[in-house]
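Visitor: Data file my_file.tsv (TSV, C-alpha atoms and all ligand atoms) is appended below.
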```tsv
chain	number	residue	atom	x	y	z
A	15	MET	CA	-10.65	-15.44	24.40
A	16	LEU	CA	-9.89	-19.08	23.89
A	17	LYS	CA	-6.82	-20.12	25.85
A	18	LEU	CA	-5.45	-23.39	24.59
A	19	ASN	CA	-2.21	-24.56	26.05
A	20	ARG	CA	-1.13	-26.51	23.02
A	21	GLY	CA	2.04	-24.65	22.08
A	22	ALA	CA	4.22	-27.69	22.81
A	23	ARG	CA	2.24	-29.81	20.35
A	24	PHE	CA	2.90	-27.31	17.61
A	25	ILE	CA	6.60	-27.35	18.33
A	26	GLU	CA	6.68	-31.12	18.21
A	27	LEU	CA	4.43	-31.52	15.17
A	28	PRO	CA	4.74	-28.42	13.01
A	29	GLU	CA	4.59	-30.40	9.78
A	30	ALA	CA	1.43	-32.25	10.78
A	31	PHE	CA	-0.06	-28.92	11.88
A	32	MET	CA	0.83	-27.30	8.55
A	33	GLN	CA	-0.65	-30.24	6.69
A	34	SER	CA	-3.91	-30.03	8.62
A	35	LEU	CA	-4.13	-26.31	7.74
A	36	GLN	CA	-3.36	-26.99	4.09
A	37	GLN	CA	-6.22	-29.48	3.96
A	38	ASP	CA	-8.74	-27.31	5.79
A	39	GLU	CA	-10.67	-26.04	2.76
A	40	LYS	CA	-13.72	-25.02	4.80
A	41	GLY	CA	-11.62	-22.91	7.18
A	42	PHE	CA	-9.72	-21.44	4.22
A	43	CYS	CA	-12.98	-20.39	2.50
A	44	LYS	CA	-14.31	-18.72	5.68
A	45	LEU	CA	-11.05	-16.83	6.29
A	46	ALA	CA	-10.78	-15.87	2.59
A	47	ALA	CA	-14.34	-14.48	2.76
A	48	ILE	CA	-13.48	-12.40	5.88
A	49	LEU	CA	-10.30	-11.15	4.19
A	50	LYS	CA	-12.17	-10.18	1.03
A	51	LYS	CA	-14.92	-8.38	2.95
A	52	ASN	CA	-12.40	-6.41	5.05
A	53	THR	CA	-9.70	-5.64	2.47
A	54	GLY	CA	-10.92	-6.59	-1.02
A	55	ILE	CA	-8.07	-9.10	-1.36
A	56	ASN	CA	-9.33	-12.02	-3.37
A	57	LEU	CA	-7.85	-15.44	-2.53
A	58	GLU	CA	-9.32	-18.20	-4.68
A	59	LEU	CA	-9.46	-21.74	-3.37
A	60	ASN	CA	-6.56	-23.61	-4.97
A	61	ASP	CA	-3.51	-25.55	-3.80
A	62	LYS	CA	-1.18	-22.57	-4.11
A	63	ASN	CA	-3.39	-20.35	-1.93
A	64	LEU	CA	-4.09	-23.13	0.60
A	65	PHE	CA	-0.33	-23.47	0.95
A	66	LEU	CA	0.20	-19.70	1.14
A	67	MET	CA	-2.47	-19.19	3.82
A	68	ALA	CA	-1.20	-22.12	5.90
A	69	GLY	CA	2.37	-20.80	5.73
A	70	ARG	CA	1.47	-17.24	6.66
A	71	LEU	CA	-1.10	-18.09	9.36
A	72	ASN	CA	0.90	-20.85	11.02
A	73	LYS	CA	2.90	-18.21	12.94
A	74	VAL	CA	-0.20	-16.17	13.86
A	75	LEU	CA	-2.07	-19.23	15.15
A	76	ARG	CA	0.92	-20.28	17.22
A	77	GLU	CA	1.25	-16.76	18.64
A	78	TYR	CA	-2.39	-16.88	19.81
A	79	ARG	CA	-2.02	-20.55	20.81
A	80	LEU	CA	-4.74	-21.76	18.49
A	81	SER	CA	-4.94	-25.18	16.93
A	82	SER	CA	-7.20	-24.60	13.92
A	83	TYR	CA	-8.58	-21.99	11.54
A	84	LEU	CA	-11.95	-22.45	13.20
A	85	GLU	CA	-10.65	-21.18	16.54
A	86	PHE	CA	-9.14	-18.16	14.78
A	87	ILE	CA	-12.47	-17.47	13.04
A	88	HIS	CA	-14.23	-17.52	16.46
A	89	LEU	CA	-11.78	-14.87	17.72
A	90	ILE	CA	-12.23	-12.70	14.63
A	91	ASN	CA	-16.02	-12.97	15.00
A	92	SER	CA	-15.73	-11.96	18.69
A	93	GLY	CA	-15.35	-8.39	17.34
A	94	ASP	CA	-11.90	-7.55	18.75
A	95	PRO	CA	-10.30	-5.83	15.71
A	96	GLN	CA	-6.77	-7.08	16.51
A	97	TYR	CA	-7.64	-10.53	15.10
A	98	ALA	CA	-9.02	-9.27	11.78
A	99	SER	CA	-5.92	-7.03	11.53
A	100	ALA	CA	-3.65	-9.99	12.24
A	101	LEU	CA	-5.37	-11.91	9.42
A	102	ALA	CA	-4.98	-9.00	6.97
A	103	ASN	CA	-1.36	-8.30	7.98
A	104	ALA	CA	-0.35	-11.93	7.58
A	105	LEU	CA	-1.91	-12.26	4.14
A	106	THR	CA	-1.06	-8.85	2.67
A	107	THR	CA	2.07	-8.13	0.67
A	108	HIS	CA	3.81	-4.93	1.73
A	109	THR	CA	6.66	-5.15	-0.75
A	110	THR	CA	7.75	-1.71	-1.88
A	111	ASP	CA	10.89	0.20	-2.77
A	112	PHE	CA	12.27	3.66	-3.44
A	113	PHE	CA	12.04	4.39	-7.20
A	114	ARG	CA	10.00	1.23	-7.87
A	115	GLU	CA	9.07	1.11	-11.59
A	116	ASP	CA	11.38	4.08	-11.93
A	117	GLU	CA	10.35	5.36	-15.38
A	118	HIS	CA	7.15	6.59	-13.70
A	119	PHE	CA	9.22	9.13	-11.76
A	120	ILE	CA	10.92	10.49	-14.89
A	121	ILE	CA	7.47	10.99	-16.43
A	122	LEU	CA	6.14	12.42	-13.15
A	123	LYS	CA	8.66	15.30	-13.35
A	124	LYS	CA	7.56	16.14	-16.89
A	125	LEU	CA	3.85	15.95	-15.97
A	126	VAL	CA	4.31	18.11	-12.87
A	127	THR	CA	6.12	20.68	-15.00
A	128	ASP	CA	3.13	20.71	-17.41
A	129	LEU	CA	0.77	21.02	-14.46
A	130	THR	CA	2.50	24.08	-13.01
A	131	ASN	CA	2.64	25.68	-16.49
A	132	HIS	CA	-1.12	25.20	-16.96
A	133	LYS	CA	-3.12	28.42	-17.18
A	134	ASN	CA	-5.41	27.23	-14.33
A	135	PHE	CA	-2.56	26.27	-11.95
A	136	ASN	CA	-3.48	27.51	-8.46
A	137	GLY	CA	-0.12	27.19	-6.69
A	138	GLU	CA	-0.83	23.83	-5.02
A	139	ILE	CA	0.12	20.32	-6.12
A	140	ARG	CA	-2.12	17.76	-4.40
A	141	ILE	CA	-1.14	14.11	-4.62
A	142	TRP	CA	-2.67	11.00	-3.08
A	143	CYS	CA	-0.37	8.00	-2.71
A	144	ALA	CA	-2.86	5.21	-1.91
A	145	ALA	CA	-1.65	1.81	-0.59
A	146	ALA	CA	1.64	3.49	0.33
A	147	SER	CA	2.99	0.64	2.49
A	148	THR	CA	6.14	1.69	4.42
A	149	GLY	CA	6.44	5.06	2.68
A	150	GLN	CA	9.19	4.69	0.07
A	151	GLU	CA	6.82	5.51	-2.81
A	152	ALA	CA	5.51	8.74	-1.23
A	153	TYR	CA	9.03	9.88	-0.33
A	154	THR	CA	10.22	9.13	-3.88
A	155	ILE	CA	7.40	11.30	-5.27
A	156	ALA	CA	8.29	14.13	-2.86
A	157	MET	CA	12.03	14.01	-3.64
A	158	CYS	CA	11.45	13.97	-7.42
A	159	ILE	CA	9.22	17.03	-7.21
A	160	GLU	CA	11.61	18.86	-4.86
A	161	GLU	CA	14.38	18.22	-7.38
A	162	ILE	CA	12.60	20.31	-10.03
A	163	ARG	CA	11.16	22.94	-7.69
A	164	THR	CA	13.55	25.74	-8.67
A	165	SER	CA	12.66	25.39	-12.37
A	166	LEU	CA	8.90	25.72	-11.73
A	167	ARG	CA	6.45	28.42	-10.72
A	168	PRO	CA	6.21	28.59	-6.90
A	169	PHE	CA	4.00	25.86	-5.43
A	170	GLU	CA	3.03	24.15	-2.21
A	171	LEU	CA	3.33	20.35	-2.29
A	172	LYS	CA	0.71	18.35	-0.36
A	173	ILE	CA	0.89	14.57	-0.38
A	174	LEU	CA	-1.63	12.32	1.36
A	175	ALA	CA	-0.18	8.83	1.80
A	176	THR	CA	-2.54	6.10	3.00
A	177	ASP	CA	-2.66	2.38	3.67
A	178	ILE	CA	-5.08	-0.03	5.31
A	179	ASP	CA	-2.36	-1.26	7.66
A	180	HIS	CA	-1.48	0.84	10.73
A	181	GLN	CA	1.85	-0.93	11.29
A	182	VAL	CA	3.24	0.04	7.88
A	183	LEU	CA	1.96	3.59	8.37
A	184	ASP	CA	3.92	3.85	11.64
A	185	VAL	CA	7.10	2.86	9.79
A	186	ALA	CA	6.25	5.26	6.94
A	187	SER	CA	5.71	8.26	9.16
A	188	GLN	CA	9.05	7.74	10.93
A	189	GLY	CA	10.77	7.69	7.54
A	190	VAL	CA	13.72	5.63	8.79
A	191	TYR	CA	15.34	3.13	6.41
A	192	THR	CA	18.22	0.66	6.51
A	193	HIS	CA	21.23	0.55	4.18
A	194	VAL	CA	19.56	-2.24	2.19
A	195	GLU	CA	16.31	-0.29	1.82
A	196	MET	CA	18.28	2.79	0.74
A	197	ALA	CA	20.04	0.95	-2.11
A	198	PRO	CA	17.84	2.36	-4.93
A	199	VAL	CA	18.27	5.97	-3.73
A	200	PRO	CA	20.93	7.81	-5.79
A	201	ALA	CA	23.87	9.04	-3.65
A	202	MET	CA	23.13	12.68	-4.40
A	203	LEU	CA	19.51	12.40	-3.18
A	204	LYS	CA	20.61	10.39	-0.15
A	205	GLN	CA	22.94	13.16	0.86
A	206	LYS	CA	20.40	15.90	0.19
A	207	TYR	CA	17.21	14.45	1.71
A	208	PHE	CA	18.33	12.02	4.45
A	209	LYS	CA	20.27	12.27	7.65
A	210	LYS	CA	22.29	9.46	9.13
A	211	CYS	CA	21.29	8.25	12.59
A	212	PHE	CA	21.44	5.14	14.74
A	213	GLN	CA	18.72	2.68	15.67
A	214	GLN	CA	19.70	-0.09	18.09
A	215	LYS	CA	23.35	0.62	17.23
A	216	ASN	CA	22.69	0.17	13.50
A	217	GLU	CA	23.33	3.00	11.09
A	218	VAL	CA	20.06	4.04	9.43
A	219	PHE	CA	18.84	6.98	7.34
A	220	GLN	CA	15.93	9.27	8.18
A	221	VAL	CA	14.11	11.38	5.59
A	222	ASN	CA	14.62	15.05	6.43
A	223	ALA	CA	11.88	17.08	8.11
A	224	ARG	CA	11.18	19.21	5.02
A	225	ILE	CA	10.21	16.16	2.95
A	226	ARG	CA	8.35	14.49	5.83
A	227	ASN	CA	6.34	17.65	6.44
A	228	ALA	CA	5.03	17.56	2.85
A	229	ILE	CA	3.41	14.18	3.51
A	230	HIS	CA	0.45	13.33	5.72
A	231	PHE	CA	0.16	9.61	6.50
A	232	ALA	CA	-3.30	8.27	7.39
A	233	PRO	CA	-5.26	5.01	7.35
A	234	PHE	CA	-7.59	4.46	4.40
A	235	ASN	CA	-9.29	1.29	3.20
A	236	LEU	CA	-9.68	1.50	-0.58
A	237	VAL	CA	-12.56	-0.96	-0.51
A	238	SER	CA	-14.75	0.21	2.35
A	239	ASP	CA	-13.89	3.85	3.14
A	240	ASP	CA	-15.76	6.78	1.58
A	241	TYR	CA	-13.82	8.75	-1.01
A	242	LEU	CA	-14.77	12.05	0.56
A	243	PHE	CA	-11.99	14.63	0.28
A	244	GLN	CA	-12.13	18.38	0.71
A	245	HIS	CA	-10.21	19.00	-2.52
A	246	ALA	CA	-9.76	17.02	-5.71
A	247	PHE	CA	-6.28	15.59	-6.41
A	248	ASP	CA	-3.98	16.50	-9.29
A	249	ILE	CA	-2.34	13.09	-9.16
A	250	VAL	CA	-3.23	9.72	-7.63
A	251	PHE	CA	-0.69	6.92	-7.28
A	252	CYS	CA	-2.22	3.51	-6.53
A	253	ARG	CA	0.34	0.95	-7.58
A	254	ASN	CA	0.63	-2.76	-6.99
A	255	VAL	CA	-2.46	-3.35	-4.91
A	256	LEU	CA	-5.32	-3.60	-7.44
A	257	ILE	CA	-3.88	-6.88	-8.70
A	258	TYR	CA	-5.01	-8.49	-5.45
A	259	PHE	CA	-8.66	-7.47	-5.94
A	260	ASP	CA	-11.32	-9.03	-8.16
A	261	SER	CA	-12.34	-7.24	-11.35
A	262	GLU	CA	-15.58	-5.80	-9.92
A	263	THR	CA	-13.71	-4.26	-6.95
A	264	ARG	CA	-11.00	-2.85	-9.26
A	265	THR	CA	-13.61	-1.26	-11.53
A	266	GLN	CA	-15.35	0.36	-8.54
A	267	ILE	CA	-12.07	1.75	-7.19
A	268	ILE	CA	-10.98	3.10	-10.59
A	269	SER	CA	-14.28	4.90	-11.04
A	270	LYS	CA	-13.90	6.42	-7.53
A	271	PHE	CA	-10.41	7.64	-8.49
A	272	ALA	CA	-11.86	9.22	-11.64
A	273	GLY	CA	-14.35	11.01	-9.36
A	274	ILE	CA	-11.74	12.54	-7.03
A	275	LEU	CA	-9.26	13.66	-9.72
A	276	GLN	CA	-9.17	17.20	-11.07
A	277	PRO	CA	-10.08	17.55	-14.75
A	278	GLU	CA	-6.87	16.45	-16.57
A	279	GLY	CA	-5.70	14.85	-13.31
A	280	LEU	CA	-3.40	11.83	-13.51
A	281	LEU	CA	-3.69	8.26	-12.24
A	282	PHE	CA	-0.57	6.09	-11.86
A	283	LEU	CA	-1.11	2.34	-11.50
A	284	GLY	CA	1.42	-0.49	-11.22
A	285	HIS	CA	2.87	-1.69	-14.55
A	286	ALA	CA	1.07	-5.03	-14.18
A	287	GLU	CA	-2.23	-3.22	-13.60
A	288	ALA	CA	-2.40	-1.08	-16.76
A	289	GLY	CA	-5.12	-3.31	-18.24
A	290	VAL	CA	-7.60	-2.84	-15.40
A	291	VAL	CA	-8.79	0.64	-16.46
A	292	LYS	CA	-11.99	0.50	-18.49
A	293	ALA	CA	-13.42	3.88	-17.40
A	294	SER	CA	-14.00	6.08	-20.42
A	295	ALA	CA	-13.19	9.19	-18.37
A	296	LEU	CA	-9.55	8.00	-18.07
A	297	LYS	CA	-7.34	7.86	-21.14
A	298	PRO	CA	-3.94	6.12	-21.18
A	299	ILE	CA	-1.03	8.50	-21.82
A	300	HIS	CA	1.97	6.30	-20.86
A	301	VAL	CA	2.45	2.78	-19.48
A	302	ALA	CA	0.02	2.52	-16.57
A	303	ILE	CA	-0.56	6.31	-16.46
A	304	PHE	CA	-4.02	7.70	-17.20
A	305	LYS	CA	-5.36	11.21	-17.64
A	306	ARG	CA	-8.85	12.31	-16.68
A	307	ALA	CA	-10.82	14.10	-19.37
A	308	ALA	CA	-10.76	17.93	-19.17
B	401	LIG	C1	2.52	-4.39	-2.54
B	401	LIG	S1	2.20	-3.01	-1.49
B	401	LIG	C2	2.37	-1.69	-2.67
B	401	LIG	C3	3.14	-0.53	-2.11
B	401	LIG	C4	3.43	0.61	-3.12
B	401	LIG	N1	2.20	1.17	-3.64
B	401	LIG	C5	4.33	0.16	-4.23
B	401	LIG	O1	3.87	0.00	-5.36
B	401	LIG	O2	5.53	-0.05	-3.97
B	401	LIG	C6	0.42	-3.13	-1.28
B	401	LIG	C7	-0.11	-2.33	-0.11
B	401	LIG	O3	-1.53	-2.29	-0.23
B	401	LIG	C8	-2.09	-2.26	1.06
B	401	LIG	N2	-3.51	-2.68	0.97
B	401	LIG	C9	-4.02	-3.91	0.81
B	401	LIG	N3	-5.36	-3.88	0.79
B	401	LIG	C10	-5.71	-2.56	0.94
B	401	LIG	C11	-6.94	-1.87	0.99
B	401	LIG	N4	-8.11	-2.52	0.89
B	401	LIG	N5	-6.92	-0.53	1.17
B	401	LIG	C12	-5.75	0.14	1.27
B	401	LIG	N6	-4.55	-0.46	1.23
B	401	LIG	C13	-4.52	-1.80	1.06
B	401	LIG	C14	-1.21	-3.22	1.84
B	401	LIG	O4	-1.29	-2.99	3.24
B	401	LIG	C15	0.17	-2.94	1.25
B	401	LIG	O5	0.89	-2.04	2.05
```
Step by step, read the file and then write its structure as structure tokens.
Ligand SMILES: C[S@@+](CC[C@H](N)C(=O)[O-])C[C@H]1O[C@@H](n2cnc3c(N)ncnc32)[C@H](O)[C@@H]1O
Guide:
Amino acid sequence: MLKLNRGARFIELPEAFMQSLQQDEKGFCKLAAILKKNTGINLELNDKNLFLMAGRLNKVLREYRLSSYLEFIHLINSGDPQYASALANALTTHTTDFFREDEHFIILKKLVTDLTNHKNFNGEIRIWCAAASTGQEAYTIAMCIEEIRTSLRPFELKILATDIDHQVLDVASQGVYTHVEMAPVPAMLKQKYFKKCFQQKNEVFQVNARIRNAIHFAPFNLVSDDYLFQHAFDIVFCRNVLIYFDSETRTQIISKFAGILQPEGLLFLGHAEAGVVKASALKPIHVAIFKRAA
């Protein structure tokens, strides 16, 4: 590992350091290529992205005491996965929320009701929440379905929630959220599905064990992992990540989703991503919701 004792220089000249990063187009292109290969995230060379990468990597480079993108690239190429992870973590957006794009959850309840009323319903609802970030989306799905449980035929709920990033998955599996993060959760659901506890003297809320037990969190890279699952899914959520990929990668992922959905299975994308589906096997039924042919 390169050990460069240049931390003091960064502290004295952060602006000059930032400027040198913003002008390093060659380093940017190499790092963007590594990022795209590892995650599918597509960063084109332009002033906005040069600025974004410099801003987000400044902290990482200082942490590893590096003075240029080139030194960081050497470390990534050394094969130690922590450096490629640090690159992906710094440049990936993990923004999420409970009840994000909330009309999807109203429609979800109706579609789950239809699913359990279907003549072929086998007593299991299998959902994949891909690119789940810190877990709010998967827990929202689980709470919405629990809310209608008593009006439906008996079922077992199985949710697989995945993300490329191990750090967000750790947060997700603990299911602990701050007051601010809990803001979109209606008071009645907060009372029913969360318990108050304390983390470093701060009051926080943990999802109850019943809801957590319905969800299995695991790493999965949408771009490079094999879509090999024991059972097909009734529903796939993959929202607000495809926008970061190029159109070829999106098309490949959509066709893999079509392949792992049950006949008449449902795909939920982010509202901004509705236009990316070209697969003829998937028909739009609501905004950014698609149904696989029977
Ligand atoms: C903006 S968040 C979306 C979270 C959630 N789906 C939502 O809509 O609120 C995007 C997530 O995609 C994950 N991600 C990025 N590239 C990925 C990949 N190649 N495979 C799986 N997850 C990826 C990121 O780690 C991040 O947590």
Visitor: Could you tell me which of A:His193, A:His245, A:Pro95, A:Thr107 comes closest to Glu138 in chain A if we count all atoms listed in the file?
Guide: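 Distance minimum relative to Glu138 in chain A lands on A:His245.
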Visitor: I'd like the contact shell of Gly284 in chain A - 12 Å cut-off, all atoms listed in the file, skipping same-chain residues fewer than 3 positions apart - returned as a ChimeraX atom specification.
Guide: /A:110,114-118,144-145,151,250-258,281,287-291,300-304
Visitor: Please, which residues have at least one atom within 9 Å of an atom of ligand LIG 401 (chain B), using all atoms listed in the file, listed as a PyMOL selection string?
Guide: chain A and resi 50+52-55+102-103+106-115+143-152+176-183+233-239+251-256+258-259+283-284
Visitor: Atoms to include: C-alpha atoms. Write the selected residues as a PDB file, keeping the file's coordinate frame.
Guide:
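Result went into result.pdb, see below:
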```pdb
ATOM      1  CA  LYS A  50     -12.170 -10.180   1.030  1.00  0.00           C
ATOM      2  CA  ASN A  52     -12.400  -6.410   5.050  1.00  0.00           C
ATOM      3  CA  THR A  53      -9.700  -5.640   2.470  1.00  0.00           C
ATOM      4  CA  GLY A  54     -10.920  -6.590  -1.020  1.00  0.00           C
ATOM      5  CA  ILE A  55      -8.070  -9.100  -1.360  1.00  0.00           C
ATOM      6  CA  ALA A 102      -4.980  -9.000   6.970  1.00  0.00           C
ATOM      7  CA  ASN A 103      -1.360  -8.300   7.980  1.00  0.00           C
ATOM      8  CA  THR A 106      -1.060  -8.850   2.670  1.00  0.00           C
ATOM      9  CA  THR A 107       2.070  -8.130   0.670  1.00  0.00           C
ATOM     10  CA  HIS A 108       3.810  -4.930   1.730  1.00  0.00           C
ATOM     11  CA  THR A 109       6.660  -5.150  -0.750  1.00  0.00           C
ATOM     12  CA  THR A 110       7.750  -1.710  -1.880  1.00  0.00           C
ATOM     13  CA  ASP A 111      10.890   0.200  -2.770  1.00  0.00           C
ATOM     14  CA  PHE A 112      12.270   3.660  -3.440  1.00  0.00           C
ATOM     15  CA  PHE A 113      12.040   4.390  -7.200  1.00  0.00           C
ATOM     16  CA  ARG A 114      10.000   1.230  -7.870  1.00  0.00           C
ATOM     17  CA  GLU A 115       9.070   1.110 -11.590  1.00  0.00           C
ATOM     18  CA  CYS A 143      -0.370   8.000  -2.710  1.00  0.00           C
ATOM     19  CA  ALA A 144      -2.860   5.210  -1.910  1.00  0.00           C
ATOM     20  CA  ALA A 145      -1.650   1.810  -0.590  1.00  0.00           C
ATOM     21  CA  ALA A 146       1.640   3.490   0.330  1.00  0.00           C
ATOM     22  CA  SER A 147       2.990   0.640   2.490  1.00  0.00           C
ATOM     23  CA  THR A 148       6.140   1.690   4.420  1.00  0.00           C
ATOM     24  CA  GLY A 149       6.440   5.060   2.680  1.00  0.00           C
ATOM     25  CA  GLN A 150       9.190   4.690   0.070  1.00  0.00           C
ATOM     26  CA  GLU A 151       6.820   5.510  -2.810  1.00  0.00           C
ATOM     27  CA  ALA A 152       5.510   8.740  -1.230  1.00  0.00           C
ATOM     28  CA  THR A 176      -2.540   6.100   3.000  1.00  0.00           C
ATOM     29  CA  ASP A 177      -2.660   2.380   3.670  1.00  0.00           C
ATOM     30  CA  ILE A 178      -5.080  -0.030   5.310  1.00  0.00           C
ATOM     31  CA  ASP A 179      -2.360  -1.260   7.660  1.00  0.00           C
ATOM     32  CA  HIS A 180      -1.480   0.840  10.730  1.00  0.00           C
ATOM     33  CA  GLN A 181       1.850  -0.930  11.290  1.00  0.00           C
ATOM     34  CA  VAL A 182       3.240   0.040   7.880  1.00  0.00           C
ATOM     35  CA  LEU A 183       1.960   3.590   8.370  1.00  0.00           C
ATOM     36  CA  PRO A 233      -5.260   5.010   7.350  1.00  0.00           C
ATOM     37  CA  PHE A 234      -7.590   4.460   4.400  1.00  0.00           C
ATOM     38  CA  ASN A 235      -9.290   1.290   3.200  1.00  0.00           C
ATOM     39  CA  LEU A 236      -9.680   1.500  -0.580  1.00  0.00           C
ATOM     40  CA  VAL A 237     -12.560  -0.960  -0.510  1.00  0.00           C
ATOM     41  CA  SER A 238     -14.750   0.210   2.350  1.00  0.00           C
ATOM     42  CA  ASP A 239     -13.890   3.850   3.140  1.00  0.00           C
ATOM     43  CA  PHE A 251      -0.690   6.920  -7.280  1.00  0.00           C
ATOM     44  CA  CYS A 252      -2.220   3.510  -6.530  1.00  0.00           C
ATOM     45  CA  ARG A 253       0.340   0.950  -7.580  1.00  0.00           C
ATOM     46  CA  ASN A 254       0.630  -2.760  -6.990  1.00  0.00           C
ATOM     47  CA  VAL A 255      -2.460  -3.350  -4.910  1.00  0.00           C
ATOM     48  CA  LEU A 256      -5.320  -3.600  -7.440  1.00  0.00           C
ATOM     49  CA  TYR A 258      -5.010  -8.490  -5.450  1.00  0.00           C
ATOM     50  CA  PHE A 259      -8.660  -7.470  -5.940  1.00  0.00           C
ATOM     51  CA  LEU A 283      -1.110   2.340 -11.500  1.00  0.00           C
ATOM     52  CA  GLY A 284       1.420  -0.490 -11.220  1.00  0.00           C
TER      53      GLY A 284
END
```
Visitor: How many Å separate CA of Ala228 in chain A from CA of Ala156 in chain A?
Guide: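 Distance between the two atoms: 7.4 Å.
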Visitor: What is the distance, in Å and to one decimal place, between CA of Leu174 in chain A and CA of Val218 in chain A?
Guide: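 About the pair CA of Leu174 in chain A and CA of Val218 in chain A: they are 24.6 Å apart.
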Visitor: Nearest residue to Val74 in chain A out of A:Asn56, A:Asn91, A:Gln188, A:Ser99, using only C-alpha atoms?
Guide: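 The closest residue to Val74 in chain A is A:Ser99.
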Visitor: Figure out the distance between CA of Ile274 in chain A and CA of Phe135 in chain A, please, to one decimal in Å.
Guide: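 Between CA of Phe135 in chain A and CA of Ile274 in chain A the gap works out to 17.2 Å.
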Visitor: With all atoms listed in the file as the atoms that count, which of A:Glu58, A:Asp240, A:Glu217, A:Glu39 lies nearest to Thr192 in chain A?
Guide: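 When distances to Thr192 in chain A are compared using all atoms listed in the file, the smallest one comes from A:Glu217.
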Visitor: Identify which of the residues A:Ala47, A:Leu59, A:Leu84, A:Ala286 lies closest to Ser34 in chain A, counting all atoms listed in the file when measuring atom-to-atom distances.
Guide: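 Checking each candidate against Ser34 in chain A, we get A:Leu84 as the closest.
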Visitor: Find the residue from A:Val185, A:Met157, A:Leu45, A:Ala201 that sits nearest to Leu64 in chain A; use all atoms listed in the file when measuring.
Guide: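 Nearest candidate to Leu64 in chain A out of A:Val185, A:Met157, A:Leu45, A:Ala201: A:Leu45.
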Visitor: Name the residues, using the chain letters and numbers of the file, that sit within 9 Å of (-1.0, 13.6, -4.7) when counting all atoms listed in the file, and give them as a PyMOL selection string.
Guide: chain A and resi 139-143+152+155+171-175+247-251
Visitor: For a quick check of understanding, using all atoms listed in the file, which of A:Ser261, A:Ser294, A:Thr164, A:Thr154 has the smallest distance to Met196 in chain A?
Guide: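 Ranking A:Ser261, A:Ser294, A:Thr164, A:Thr154 by distance to Met196 in chain A, first place goes to A:Thr154.
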Visitor: With all atoms of range 262-273 of chain A from the file as input, state the centre and edge lengths in Å to one decimal of the axis-aligned box that has 6 Å extra on each side, as lines of an AutoDock Vina configuration file.
Guide:
```
center_x = -13.0
center_y = 2.6
center_z = -9.3
size_x = 17.2
size_y = 28.8
size_z = 16.7
```
Visitor: Near Ile87 in chain A, within 10 Å and counting only C-alpha atoms, which residues show up once chain neighbours fewer than 6 positions away are dropped, as a PDB file with C-alpha atoms, in the coordinates of the input?
Guide:
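Contents of part28.pdb, as written:
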```
ATOM      1  CA  GLY A  41     -11.620 -22.910   7.180  1.00  0.00           C
ATOM      2  CA  LYS A  44     -14.310 -18.720   5.680  1.00  0.00           C
ATOM      3  CA  LEU A  45     -11.050 -16.830   6.290  1.00  0.00           C
ATOM      4  CA  ILE A  48     -13.480 -12.400   5.880  1.00  0.00           C
ATOM      5  CA  TYR A  97      -7.640 -10.530  15.100  1.00  0.00           C
ATOM      6  CA  ALA A  98      -9.020  -9.270  11.780  1.00  0.00           C
ATOM      7  CA  LEU A 101      -5.370 -11.910   9.420  1.00  0.00           C
TER       8      LEU A 101
END
```
